[in-house]
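Student: After the structure tokens below, expect a handful of questions from me.
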There are 2 protein chains.
Amino acid sequence: MDSQPDIAKLISSYGNRIDALMRKVLTRRGQGLLIRPIRHHFGTGGKRIRPAICLITCEALGGNPDRALHFALAIEILHNMFLIHDDLEDGDRVRRNKPTVWVKFGIPNAVNVGDYLLAKVFDVATMADLPDKVKLKLIGVLTRTCMRTIEGQAMDINSRGDANFTVRKYLKMVRLKTGCYLACGMVGGAIIAGAPESVQEKLWRLGDVMGPAFQIRDDLIDLTTGKGRGGEIGCDIREGKPSILYAYALRHANESETLRRIMLKPREKTTNADVQRVIRIYRECGAVEKAERKAEELLKKSVAIIRTLPLKNKPLFMALADYMISRRK
Amino acid sequence: MDSQPDIAKLISSYGNRIDALMRKVLTRRGQGLLIRPIRHHFGTGGKRIRPAICLITCEALGGNPDRALHFALAIEILHNMFLIHDDLEDGDRVRRNKPTVWVKFGIPNAVNVGDYLLAKVFDVATMADLPDKVKLKLIGVLTRTCMRTIEGQAMDINSRGDANFTVRKYLKMVRLKTGCYLACGMVGGAIIAGAPESVQEKLWRLGDVMGPAFQIRDDLIDLTTGKGRGGEIGCDIREGKPSILYAYALRHANESETLRRIMLKPREKTTNADVQRVIRIYRECGAVEKAERKAEELLKKSVAIIRTLPLKNKPLFMALADYMISRRK
């Protein structure tokens, strides 16, 4: 598609700038014994999508993206801190084909290094050469994001196999867990560009619709191509994760008791036949179709919000939204 | 001692003000599913010593302690966040006679709620009605403190049974892990009082000597009266914690191999006879005496630094330092 901007290339060029700053302030030296787990984790790669969105938003709203570099890096550190702790909380042993931090360095070190990175988020965010007022606003964006994301994670952890889980609860959970977090880079970019409050509010709302769209696609991908852990299908089912499919099927499938029984099984006891059975339940009760429709609806809402934003390069932003929602995290 | 100010009473009166603010911003409502572990943990008590020191320092340097209330609360939240994660990292099952958060709510929830509280530290610190410049300085104090404390914790976690542990490494570890953390309330109080940089620097140095003095006393208490977990003696020995006694005995005791073997045993396999044997090793090689001398020396250095501070009420501050060092954490 010639007319489409090459989003992947753009993200990678912004990503390189983030990596350069990251080497300076995080992975090159210092941090004592923490440097090994930090290097191990960041060495597993990552596409730097979140910080790139921050820089692209800042530029599209007329700001200088160089001034947003520290904030963008702060977001990337926050993202990775969540990955380290989430892997431990979810019992995931492999990330990007390497052992996760808790597997390689033990639970105590994984908890501790995540804490370090969370403090580093605030340290890096205040390093930028920006007015005090702006810095404090950015800190506010980060604390709001952390607290909401963690509230969402609490719902996630405690809803495994929950008999009372609903689509409504699911949407609240993913708005908290994914939406806020996705918006935060855009909102920070807007603040640095000097965009008015009304634009910042719209970007938060954009996160509230794009985040769930993103997450629903992720839930669906798990049923077909797998989430990138060696292409294994049904990771969410094995982990008992409360997906939109689970929420819908719980109310609409005839076999909802079987579904719950499989979701509550420890991961290592869930067989491939169990996974196939749950996928069949999801298809037969209409959960897959419902999820696809919901994602479409949220994507349309995202586009409607983007149309109202005073962006210099709207097609680029549309393409970016499309890229993000159609990709895995 | 009539002439001594009643420190415990003073701390408790400041503590009540902290608790009132805490109920407003943390434990009363909100936070979704996180409220249960938060209430459970904060419901176990705590003497609010750290925030009280912050308020006392602010007042002693001519500031209005009311303006330091939010920062003081931020420190108390930070302290408790560390306790929740440390208990998990150390495998401690009981705190103040109640099950620790990871025991009651599981490891995933304990990690997650600690993360929430760490974000809340920065949220609460920026709530105060203070100039932007001051708020950013306070954020700097908090990030420095978090990062150093966590670096110290990394040394602690990774030095269990370490054959190359030295008194020098021990002192570095406790300066990082205990010193910075103890100074941070005083430094924040000084910043809010408008005290010059030179005073702030002295307070950091005060932490560097008082923190280790405090920790060495704690190491010694473990050998005689226990650390308040039902009065059990030798918790550090059972956990294999790198104390000053261990560091010294490793170099000076004839039975250093026996010592390491016992320190490396899993906690549940360490017998009372093992604990008694290690205590005997510590006494015989002079480690206990060395530790006592070191604590005295550091206490003297603390007093010398306090003498140079422009405090309104120096005897009170001296009594406070003495109270802190002679108490358990």
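In the structure tokens, each chain is lettered A, B, ... as it comes, each chain's residues begin at 1, and ligands are numbered from 1 in order of appearance.
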Per residue of chain A within 6 Å of chain B, what are the shortest atom pair and its distance in Å to one decimal, counting only C-alpha atoms, with rows by chain and residue number, as a tab-separated table?

Tutor:
```
residue	atom	partner	partner_atom	distance
A:Glu89	CA	B:Pro108	CA	4.4
A:Pro108	CA	B:Glu89	CA	4.3
A:Tyr116	CA	B:Met147	CA	5.7
A:Ala119	CA	B:Thr143	CA	5.6
A:Asp123	CA	B:Thr143	CA	5.8
A:Thr143	CA	B:Ala119	CA	5.6
A:Met147	CA	B:Tyr116	CA	5.7
```

Student: Using only C-alpha atoms, determine which residues lie at most 12 Å from Lys290 in chain A, disregarding the query and same-chain residues fewer than 2 positions distant; provide the list as a list in words.

Tutor: Val167, Ile216, Arg217, Leu220, Ile244, Leu245, Tyr246, Ala247, Tyr248, Ala249, His252, Tyr282, Arg283, Glu284, Cys285, Gly286, Ala287, Val288, Glu292, Arg293, Lys294, Ala295, Glu296 and Glu297 of chain A
